[in-house]
>>> print(open('data37.pdb').read())   # PDB, C-alpha atoms
ATOM      1  CA  MET A 291      77.230 -37.239 -13.035  1.00  0.00           C
ATOM      2  CA  SER A 292      75.373 -35.615 -10.183  1.00  0.00           C
ATOM      3  CA  ASN A 293      77.205 -34.555  -7.059  1.00  0.00           C
ATOM      4  CA  LYS A 294      74.980 -36.827  -4.941  1.00  0.00           C
ATOM      5  CA  LYS A 295      75.829 -39.873  -7.090  1.00  0.00           C
ATOM      6  CA  GLN A 296      79.520 -39.055  -6.798  1.00  0.00           C
ATOM      7  CA  LYS A 297      79.202 -38.807  -3.007  1.00  0.00           C
ATOM      8  CA  SER A 298      77.668 -42.301  -2.948  1.00  0.00           C
ATOM      9  CA  ILE A 299      80.412 -43.654  -5.216  1.00  0.00           C
ATOM     10  CA  ASP A 300      83.052 -42.121  -2.931  1.00  0.00           C
ATOM     11  CA  LEU A 301      81.495 -43.750   0.150  1.00  0.00           C
ATOM     12  CA  LEU A 302      81.204 -47.076  -1.647  1.00  0.00           C
ATOM     13  CA  ASN A 303      84.864 -46.953  -2.703  1.00  0.00           C
ATOM     14  CA  ARG A 304      85.920 -46.186   0.871  1.00  0.00           C
ATOM     15  CA  ALA A 305      83.949 -49.267   1.884  1.00  0.00           C
ATOM     16  CA  ILE A 306      85.724 -51.334  -0.790  1.00  0.00           C
ATOM     17  CA  GLY A 307      89.100 -50.282   0.655  1.00  0.00           C
ATOM     18  CA  ASP A 308      88.088 -51.293   4.168  1.00  0.00           C
ATOM     19  CA  GLU A 309      86.625 -54.605   3.019  1.00  0.00           C
ATOM     20  CA  LEU A 310      89.791 -55.443   1.060  1.00  0.00           C
ATOM     21  CA  SER A 311      91.832 -54.713   4.185  1.00  0.00           C
ATOM     22  CA  ALA A 312      89.563 -56.990   6.218  1.00  0.00           C
ATOM     23  CA  ILE A 313      89.938 -59.795   3.662  1.00  0.00           C
ATOM     24  CA  ASN A 314      93.730 -59.562   3.760  1.00  0.00           C
ATOM     25  CA  GLN A 315      93.772 -59.362   7.549  1.00  0.00           C
ATOM     26  CA  TYR A 316      91.424 -62.262   8.172  1.00  0.00           C
ATOM     27  CA  MET A 317      93.166 -64.505   5.650  1.00  0.00           C
ATOM     28  CA  TYR A 318      96.482 -63.723   7.350  1.00  0.00           C
ATOM     29  CA  PHE A 319      94.947 -64.682  10.707  1.00  0.00           C
ATOM     30  CA  HIS A 320      93.421 -67.801   9.125  1.00  0.00           C
ATOM     31  CA  PHE A 321      96.842 -68.941   7.867  1.00  0.00           C
ATOM     32  CA  HIS A 322      98.437 -68.514  11.303  1.00  0.00           C
ATOM     33  CA  CYS A 323      95.594 -70.208  13.171  1.00  0.00           C
ATOM     34  CA  ASP A 324      95.781 -73.177  10.820  1.00  0.00           C
ATOM     35  CA  ASP A 325      99.550 -73.330  11.181  1.00  0.00           C
ATOM     36  CA  GLN A 326      99.231 -73.396  14.979  1.00  0.00           C
ATOM     37  CA  GLY A 327      96.613 -76.155  14.884  1.00  0.00           C
ATOM     38  CA  PHE A 328      93.640 -73.966  15.811  1.00  0.00           C
ATOM     39  CA  ASP A 329      91.349 -75.177  13.050  1.00  0.00           C
ATOM     40  CA  MET A 330      88.095 -73.789  14.453  1.00  0.00           C
ATOM     41  CA  LEU A 331      89.475 -70.272  14.825  1.00  0.00           C
ATOM     42  CA  GLY A 332      91.175 -70.553  11.450  1.00  0.00           C
ATOM     43  CA  ALA A 333      87.878 -71.550   9.870  1.00  0.00           C
ATOM     44  CA  LEU A 334      86.126 -68.600  11.538  1.00  0.00           C
ATOM     45  CA  PHE A 335      88.665 -66.146  10.129  1.00  0.00           C
ATOM     46  CA  LYS A 336      88.450 -67.747   6.675  1.00  0.00           C
ATOM     47  CA  LYS A 337      84.639 -67.714   6.684  1.00  0.00           C
ATOM     48  CA  THR A 338      84.639 -64.073   7.734  1.00  0.00           C
ATOM     49  CA  ALA A 339      87.102 -63.174   4.955  1.00  0.00           C
ATOM     50  CA  ILE A 340      84.821 -64.854   2.401  1.00  0.00           C
ATOM     51  CA  GLU A 341      81.844 -62.877   3.707  1.00  0.00           C
ATOM     52  CA  GLU A 342      83.900 -59.689   3.344  1.00  0.00           C
ATOM     53  CA  MET A 343      84.614 -60.743  -0.270  1.00  0.00           C
ATOM     54  CA  ARG A 344      80.874 -60.921  -0.855  1.00  0.00           C
ATOM     55  CA  HIS A 345      80.571 -57.399   0.521  1.00  0.00           C
ATOM     56  CA  VAL A 346      83.165 -56.204  -2.016  1.00  0.00           C
ATOM     57  CA  GLU A 347      81.190 -57.819  -4.810  1.00  0.00           C
ATOM     58  CA  THR A 348      77.902 -56.232  -3.708  1.00  0.00           C
ATOM     59  CA  ILE A 349      79.512 -52.826  -3.237  1.00  0.00           C
ATOM     60  CA  ALA A 350      81.264 -53.050  -6.624  1.00  0.00           C
ATOM     61  CA  ASP A 351      77.970 -53.891  -8.333  1.00  0.00           C
ATOM     62  CA  ARG A 352      76.424 -50.763  -6.819  1.00  0.00           C
ATOM     63  CA  ILE A 353      79.362 -48.581  -7.914  1.00  0.00           C
ATOM     64  CA  LEU A 354      79.031 -49.861 -11.474  1.00  0.00           C
ATOM     65  CA  PHE A 355      75.272 -49.278 -11.429  1.00  0.00           C
ATOM     66  CA  LEU A 356      75.963 -45.667 -10.442  1.00  0.00           C
ATOM     67  CA  LYS A 357      78.394 -45.474 -13.408  1.00  0.00           C
ATOM     68  CA  GLY A 358      81.446 -45.098 -11.199  1.00  0.00           C
ATOM     69  CA  ASP A 359      84.778 -46.874 -11.228  1.00  0.00           C
ATOM     70  CA  ILE A 360      85.810 -49.374  -8.568  1.00  0.00           C
ATOM     71  CA  ILE A 361      88.983 -48.511  -6.660  1.00  0.00           C
ATOM     72  CA  MET A 362      90.557 -51.786  -5.534  1.00  0.00           C
ATOM     73  CA  GLU A 363      93.046 -50.524  -2.953  1.00  0.00           C
ATOM     74  CA  PRO A 364      93.077 -51.757   0.648  1.00  0.00           C
ATOM     75  CA  SER A 365      92.714 -48.897   3.120  1.00  0.00           C
ATOM     76  CA  GLN A 366      95.299 -50.248   5.555  1.00  0.00           C
ATOM     77  CA  LYS A 367      98.161 -52.687   5.855  1.00  0.00           C
ATOM     78  CA  VAL A 368      97.950 -56.084   7.502  1.00  0.00           C
ATOM     79  CA  HIS A 369      98.509 -56.162  11.263  1.00  0.00           C
ATOM     80  CA  TYR A 370     101.152 -58.854  11.706  1.00  0.00           C
ATOM     81  CA  THR A 371     100.858 -61.104  14.738  1.00  0.00           C
ATOM     82  CA  SER A 372     100.655 -64.797  15.456  1.00  0.00           C
ATOM     83  CA  ASP A 373      99.258 -64.312  18.981  1.00  0.00           C
ATOM     84  CA  ILE A 374      95.681 -65.599  19.108  1.00  0.00           C
ATOM     85  CA  ARG A 375      94.468 -63.152  21.763  1.00  0.00           C
ATOM     86  CA  GLU A 376      95.928 -60.246  19.834  1.00  0.00           C
ATOM     87  CA  MET A 377      94.259 -61.490  16.644  1.00  0.00           C
ATOM     88  CA  LEU A 378      90.857 -61.695  18.295  1.00  0.00           C
ATOM     89  CA  ASN A 379      91.176 -58.330  20.029  1.00  0.00           C
ATOM     90  CA  PHE A 380      92.259 -56.740  16.763  1.00  0.00           C
ATOM     91  CA  ALA A 381      89.328 -58.330  14.918  1.00  0.00           C
ATOM     92  CA  VAL A 382      86.838 -57.090  17.530  1.00  0.00           C
ATOM     93  CA  GLY A 383      88.230 -53.564  17.205  1.00  0.00           C
ATOM     94  CA  GLU A 384      88.052 -53.682  13.428  1.00  0.00           C
ATOM     95  CA  GLU A 385      84.467 -54.917  13.482  1.00  0.00           C
ATOM     96  CA  GLU A 386      83.467 -52.167  15.945  1.00  0.00           C
ATOM     97  CA  SER A 387      85.001 -49.598  13.605  1.00  0.00           C
ATOM     98  CA  ALA A 388      83.245 -51.126  10.601  1.00  0.00           C
ATOM     99  CA  ILE A 389      79.870 -51.023  12.360  1.00  0.00           C
ATOM    100  CA  ALA A 390      80.308 -47.332  13.183  1.00  0.00           C
ATOM    101  CA  MET A 391      81.542 -46.556   9.660  1.00  0.00           C
ATOM    102  CA  TYR A 392      78.691 -48.346   7.894  1.00  0.00           C
ATOM    103  CA  ASN A 393      76.088 -46.739  10.132  1.00  0.00           C
ATOM    104  CA  ASP A 394      77.607 -43.350   9.300  1.00  0.00           C
ATOM    105  CA  PHE A 395      77.715 -44.205   5.579  1.00  0.00           C
ATOM    106  CA  ALA A 396      74.037 -45.265   5.692  1.00  0.00           C
ATOM    107  CA  ASN A 397      73.120 -41.916   7.251  1.00  0.00           C
ATOM    108  CA  GLN A 398      75.183 -40.024   4.675  1.00  0.00           C
ATOM    109  CA  SER A 399      73.505 -42.015   1.888  1.00  0.00           C
ATOM    110  CA  ALA A 400      70.101 -41.008   3.244  1.00  0.00           C
ATOM    111  CA  THR A 401      71.220 -37.360   3.136  1.00  0.00           C
ATOM    112  CA  ASN A 402      72.307 -37.926  -0.486  1.00  0.00           C
ATOM    113  CA  LEU A 403      68.818 -39.306  -1.235  1.00  0.00           C
ATOM    114  CA  ASP A 404      70.288 -42.677  -2.204  1.00  0.00           C
ATOM    115  CA  SER A 405      68.072 -45.186  -0.421  1.00  0.00           C
ATOM    116  CA  VAL A 406      69.504 -48.216  -2.226  1.00  0.00           C
ATOM    117  CA  THR A 407      73.065 -47.463  -1.093  1.00  0.00           C
ATOM    118  CA  LYS A 408      71.703 -46.690   2.388  1.00  0.00           C
ATOM    119  CA  ARG A 409      70.066 -50.121   2.472  1.00  0.00           C
ATOM    120  CA  LEU A 410      73.247 -51.804   1.225  1.00  0.00           C
ATOM    121  CA  PHE A 411      75.227 -50.258   4.087  1.00  0.00           C
ATOM    122  CA  GLU A 412      72.529 -51.198   6.609  1.00  0.00           C
ATOM    123  CA  ASP A 413      72.629 -54.808   5.393  1.00  0.00           C
ATOM    124  CA  ILE A 414      76.405 -54.891   5.792  1.00  0.00           C
ATOM    125  CA  VAL A 415      76.053 -53.589   9.374  1.00  0.00           C
ATOM    126  CA  ILE A 416      74.043 -56.722  10.183  1.00  0.00           C
ATOM    127  CA  ASP A 417      76.927 -58.926   8.982  1.00  0.00           C
ATOM    128  CA  GLU A 418      79.563 -56.841  10.768  1.00  0.00           C
ATOM    129  CA  GLU A 419      77.631 -57.055  14.046  1.00  0.00           C
ATOM    130  CA  ARG A 420      77.524 -60.839  13.676  1.00  0.00           C
ATOM    131  CA  HIS A 421      81.284 -60.901  13.010  1.00  0.00           C
ATOM    132  CA  PHE A 422      81.843 -58.755  16.096  1.00  0.00           C
ATOM    133  CA  ASP A 423      79.741 -61.125  18.190  1.00  0.00           C
ATOM    134  CA  GLN A 424      81.591 -64.197  16.904  1.00  0.00           C
ATOM    135  CA  PHE A 425      85.032 -62.761  17.677  1.00  0.00           C
ATOM    136  CA  ASP A 426      83.844 -61.382  21.022  1.00  0.00           C
ATOM    137  CA  THR A 427      82.516 -64.831  21.944  1.00  0.00           C
ATOM    138  CA  GLU A 428      85.925 -66.341  21.150  1.00  0.00           C
ATOM    139  CA  ILE A 429      87.584 -63.784  23.440  1.00  0.00           C
ATOM    140  CA  ASP A 430      85.092 -64.698  26.175  1.00  0.00           C
ATOM    141  CA  ASN A 431      85.892 -68.384  25.682  1.00  0.00           C
ATOM    142  CA  LEU A 432      89.616 -67.712  25.970  1.00  0.00           C
ATOM    143  CA  GLU A 433      89.095 -65.697  29.146  1.00  0.00           C
ATOM    144  CA  ARG A 434      86.754 -68.263  30.654  1.00  0.00           C
ATOM    145  CA  PHE A 435      88.703 -71.411  29.750  1.00  0.00           C
ATOM    146  CA  GLY A 436      92.222 -70.027  29.282  1.00  0.00           C
ATOM    147  CA  GLU A 437      94.832 -71.768  27.201  1.00  0.00           C
ATOM    148  CA  GLN A 438      92.911 -75.049  27.583  1.00  0.00           C
ATOM    149  CA  TYR A 439      90.404 -73.658  25.092  1.00  0.00           C
ATOM    150  CA  LEU A 440      93.129 -73.472  22.454  1.00  0.00           C
ATOM    151  CA  ALA A 441      94.597 -76.816  23.506  1.00  0.00           C
ATOM    152  CA  LEU A 442      91.237 -78.485  22.875  1.00  0.00           C
ATOM    153  CA  GLN A 443      91.271 -77.202  19.294  1.00  0.00           C
ATOM    154  CA  SER A 444      94.746 -78.625  18.786  1.00  0.00           C
ATOM    155  CA  ILE A 445      93.696 -81.977  20.248  1.00  0.00           C
ATOM    156  CA  GLU A 446      90.688 -82.117  17.914  1.00  0.00           C
ATOM    157  CA  ARG A 447      93.001 -81.566  14.948  1.00  0.00           C
ATOM    158  CA  SER A 448      95.306 -84.358  16.135  1.00  0.00           C
ATOM    159  CA  LYS A 449      92.390 -86.770  16.549  1.00  0.00           C
ATOM    160  CA  THR A 450      91.088 -85.938  13.084  1.00  0.00           C
ATOM    161  CA  ARG A 451      94.470 -86.329  11.418  1.00  0.00           C
ATOM    162  CA  SER A 452      95.363 -89.535  13.222  1.00  0.00           C
ATOM    163  CA  ALA A 453      92.081 -91.094  12.077  1.00  0.00           C
ATOM    164  CA  MET A 454      92.996 -90.480   8.415  1.00  0.00           C
ATOM    165  CA  PRO A 455      94.352 -93.422   6.450  1.00  0.00           C
TER     166      PRO A 455
END
>>> encode(input="data37.pdb", output="structure tokens")
Amino acid sequence: MSNKKQKSIDLLNRAIGDELSAINQYMYFHFHCDDQGFDMLGALFKKTAIEEMRHVETIADRILFLKGDIIMEPSQKVHYTSDIREMLNFAVGEEESAIAMYNDFANQSATNLDSVTKRLFEDIVIDEERHFDQFDTEIDNLERFGEQYLALQSIERSKTRSAMP
């Protein structure tokens, strides 16, 4: 295997580790949001985790195409909190880091003359920027409307559940 292919495989496996960490983190946040009655935020975290799963699948396909092996180890442990503000701030920070990492990986892939892997990383940046924007918007909503913003989500859940037979 060429050194340039191995460099791409190494970058791709680093990406797998970060994506697996994001999946675990966002599912953990999803569980706590649901438990606290914040269905809309819970759904956002769950949807984001599923999108990160798709990233893992795409990255794994590329690794296999390059004849590498997929390393399925999260890069970091779950950040444990049930505080909504802390969850959102953590998610924004993680997405900012992911954007920087994937831009760097795209540039490194270009240096390795691997335009397909470069494109894969650039496509993931688009998703990560959207995730950042979604979480940042939720932080803005919390700052603008305060705890009432969360209370409205809880009320919506109560209305939905009380309407069930």
>>> residues_around(input="data37.pdb", residues="stretch 371-376 of chain A", least_positions_apart="2", cutoff="8 Å", atoms="only C-alpha atoms", output="list in words")
Phe319, His322, Cys323, His369, Leu378, Asn379, Phe380, Ile429 and Leu432 of chain A
>>> atom_distance(input="data37.pdb", atom1="atom CA of A:Glu384", atom2="atom CA of A:Lys357")
29.7 Å
>>> resolve_selection(input="data37.pdb", expression="the PyMOL selection byres ((chain A and resi 338-351) around 8)", output="ChimeraX atom specification")
/A:302-303,305-306,309-310,312-314,316-317,334-337,352-355,360,410,414,421
>>> write_last_selection(input="data37.pdb", atoms="C-alpha atoms", output="PDB file, keeping the file's coordinate frame")
ATOM      1  CA  LEU A 302      81.204 -47.076  -1.647  1.00  0.00           C
ATOM      2  CA  ASN A 303      84.864 -46.953  -2.703  1.00  0.00           C
ATOM      3  CA  ALA A 305      83.949 -49.267   1.884  1.00  0.00           C
ATOM      4  CA  ILE A 306      85.724 -51.334  -0.790  1.00  0.00           C
ATOM      5  CA  GLU A 309      86.625 -54.605   3.019  1.00  0.00           C
ATOM      6  CA  LEU A 310      89.791 -55.443   1.060  1.00  0.00           C
ATOM      7  CA  ALA A 312      89.563 -56.990   6.218  1.00  0.00           C
ATOM      8  CA  ILE A 313      89.938 -59.795   3.662  1.00  0.00           C
ATOM      9  CA  ASN A 314      93.730 -59.562   3.760  1.00  0.00           C
ATOM     10  CA  TYR A 316      91.424 -62.262   8.172  1.00  0.00           C
ATOM     11  CA  MET A 317      93.166 -64.505   5.650  1.00  0.00           C
ATOM     12  CA  LEU A 334      86.126 -68.600  11.538  1.00  0.00           C
ATOM     13  CA  PHE A 335      88.665 -66.146  10.129  1.00  0.00           C
ATOM     14  CA  LYS A 336      88.450 -67.747   6.675  1.00  0.00           C
ATOM     15  CA  LYS A 337      84.639 -67.714   6.684  1.00  0.00           C
ATOM     16  CA  ARG A 352      76.424 -50.763  -6.819  1.00  0.00           C
ATOM     17  CA  ILE A 353      79.362 -48.581  -7.914  1.00  0.00           C
ATOM     18  CA  LEU A 354      79.031 -49.861 -11.474  1.00  0.00           C
ATOM     19  CA  PHE A 355      75.272 -49.278 -11.429  1.00  0.00           C
ATOM     20  CA  ILE A 360      85.810 -49.374  -8.568  1.00  0.00           C
ATOM     21  CA  LEU A 410      73.247 -51.804   1.225  1.00  0.00           C
ATOM     22  CA  ILE A 414      76.405 -54.891   5.792  1.00  0.00           C
ATOM     23  CA  HIS A 421      81.284 -60.901  13.010  1.00  0.00           C
TER      24      HIS A 421
END
>>> atom_distance(input="data37.pdb", atom1="atom CA of A:Lys367", atom2="atom CA of A:Leu440")
27.1 Å
>>> resolve_selection(input="data37.pdb", expression="the PyMOL selection byres ((chain A and resi 407) around 9)", output="number ranges by chain")
A: 298, 302, 349, 352, 395-396, 399-400, 404-406, 408-412
>>> write_last_selection(input="data37.pdb", atoms="C-alpha atoms", output="PDB file, in the frame of the given file")
ATOM      1  CA  SER A 298      77.668 -42.301  -2.948  1.00  0.00           C
ATOM      2  CA  LEU A 302      81.204 -47.076  -1.647  1.00  0.00           C
ATOM      3  CA  ILE A 349      79.512 -52.826  -3.237  1.00  0.00           C
ATOM      4  CA  ARG A 352      76.424 -50.763  -6.819  1.00  0.00           C
ATOM      5  CA  PHE A 395      77.715 -44.205   5.579  1.00  0.00           C
ATOM      6  CA  ALA A 396      74.037 -45.265   5.692  1.00  0.00           C
ATOM      7  CA  SER A 399      73.505 -42.015   1.888  1.00  0.00           C
ATOM      8  CA  ALA A 400      70.101 -41.008   3.244  1.00  0.00           C
ATOM      9  CA  ASP A 404      70.288 -42.677  -2.204  1.00  0.00           C
ATOM     10  CA  SER A 405      68.072 -45.186  -0.421  1.00  0.00           C
ATOM     11  CA  VAL A 406      69.504 -48.216  -2.226  1.00  0.00           C
ATOM     12  CA  LYS A 408      71.703 -46.690   2.388  1.00  0.00           C
ATOM     13  CA  ARG A 409      70.066 -50.121   2.472  1.00  0.00           C
ATOM     14  CA  LEU A 410      73.247 -51.804   1.225  1.00  0.00           C
ATOM     15  CA  PHE A 411      75.227 -50.258   4.087  1.00  0.00           C
ATOM     16  CA  GLU A 412      72.529 -51.198   6.609  1.00  0.00           C
TER      17      GLU A 412
END
>>> decode(input="data37.pdb", residues="stretch 341-363 of chain A", atoms="N, CA and C atoms", output="compact mmCIF listing (two decimals), in the first residue's frame")
# COMPACT_ATOMS: atom_id res chain seq x y z
N GLU A 341 -27.32 11.52 11.61
CA GLU A 341 -26.50 12.07 10.53
C GLU A 341 -25.03 11.72 10.73
N GLU A 342 -24.58 11.72 11.98
CA GLU A 342 -23.19 11.34 12.26
C GLU A 342 -22.99 9.85 11.94
N MET A 343 -24.03 9.03 12.16
CA MET A 343 -23.94 7.61 11.79
C MET A 343 -23.75 7.46 10.28
N ARG A 344 -24.44 8.29 9.52
CA ARG A 344 -24.27 8.25 8.07
C ARG A 344 -22.85 8.64 7.67
N HIS A 345 -22.28 9.59 8.40
CA HIS A 345 -20.88 9.95 8.13
C HIS A 345 -19.98 8.74 8.35
N VAL A 346 -20.19 8.01 9.44
CA VAL A 346 -19.37 6.83 9.72
C VAL A 346 -19.48 5.84 8.56
N GLU A 347 -20.68 5.64 8.08
CA GLU A 347 -20.88 4.69 6.99
C GLU A 347 -20.14 5.13 5.73
N THR A 348 -20.23 6.41 5.38
CA THR A 348 -19.56 6.93 4.20
C THR A 348 -18.04 6.84 4.35
N ILE A 349 -17.56 7.20 5.52
CA ILE A 349 -16.11 7.15 5.78
C ILE A 349 -15.62 5.70 5.73
N ALA A 350 -16.38 4.79 6.33
CA ALA A 350 -16.00 3.37 6.34
C ALA A 350 -15.94 2.82 4.91
N ASP A 351 -16.90 3.20 4.09
CA ASP A 351 -16.89 2.75 2.69
C ASP A 351 -15.61 3.20 1.99
N ARG A 352 -15.19 4.43 2.26
CA ARG A 352 -13.96 4.95 1.64
C ARG A 352 -12.74 4.20 2.13
N ILE A 353 -12.68 3.92 3.44
CA ILE A 353 -11.55 3.16 4.00
C ILE A 353 -11.46 1.80 3.32
N LEU A 354 -12.59 1.12 3.19
CA LEU A 354 -12.59 -0.20 2.55
C LEU A 354 -12.18 -0.11 1.09
N PHE A 355 -12.62 0.91 0.39
CA PHE A 355 -12.21 1.11 -1.00
C PHE A 355 -10.69 1.25 -1.10
N LEU A 356 -10.10 1.94 -0.12
CA LEU A 356 -8.65 2.13 -0.12
C LEU A 356 -7.91 0.90 0.41
N LYS A 357 -8.66 -0.17 0.70
CA LYS A 357 -8.11 -1.44 1.20
C LYS A 357 -7.54 -1.33 2.61
N GLY A 358 -8.14 -0.45 3.41
CA GLY A 358 -7.73 -0.31 4.80
C GLY A 358 -8.71 -1.02 5.71
N ASP A 359 -8.42 -0.99 7.00
CA ASP A 359 -9.32 -1.57 7.98
C ASP A 359 -9.94 -0.44 8.80
N ILE A 360 -11.18 -0.62 9.16
CA ILE A 360 -11.95 0.39 9.90
C ILE A 360 -11.70 0.21 11.39
N ILE A 361 -11.29 1.27 12.05
CA ILE A 361 -11.06 1.23 13.49
C ILE A 361 -12.26 1.89 14.17
N MET A 362 -13.05 1.05 14.84
CA MET A 362 -14.32 1.50 15.44
C MET A 362 -14.15 1.82 16.92
N GLU A 363 -13.33 2.84 17.22
CA GLU A 363 -13.11 3.24 18.60
C GLU A 363 -13.39 4.73 18.74
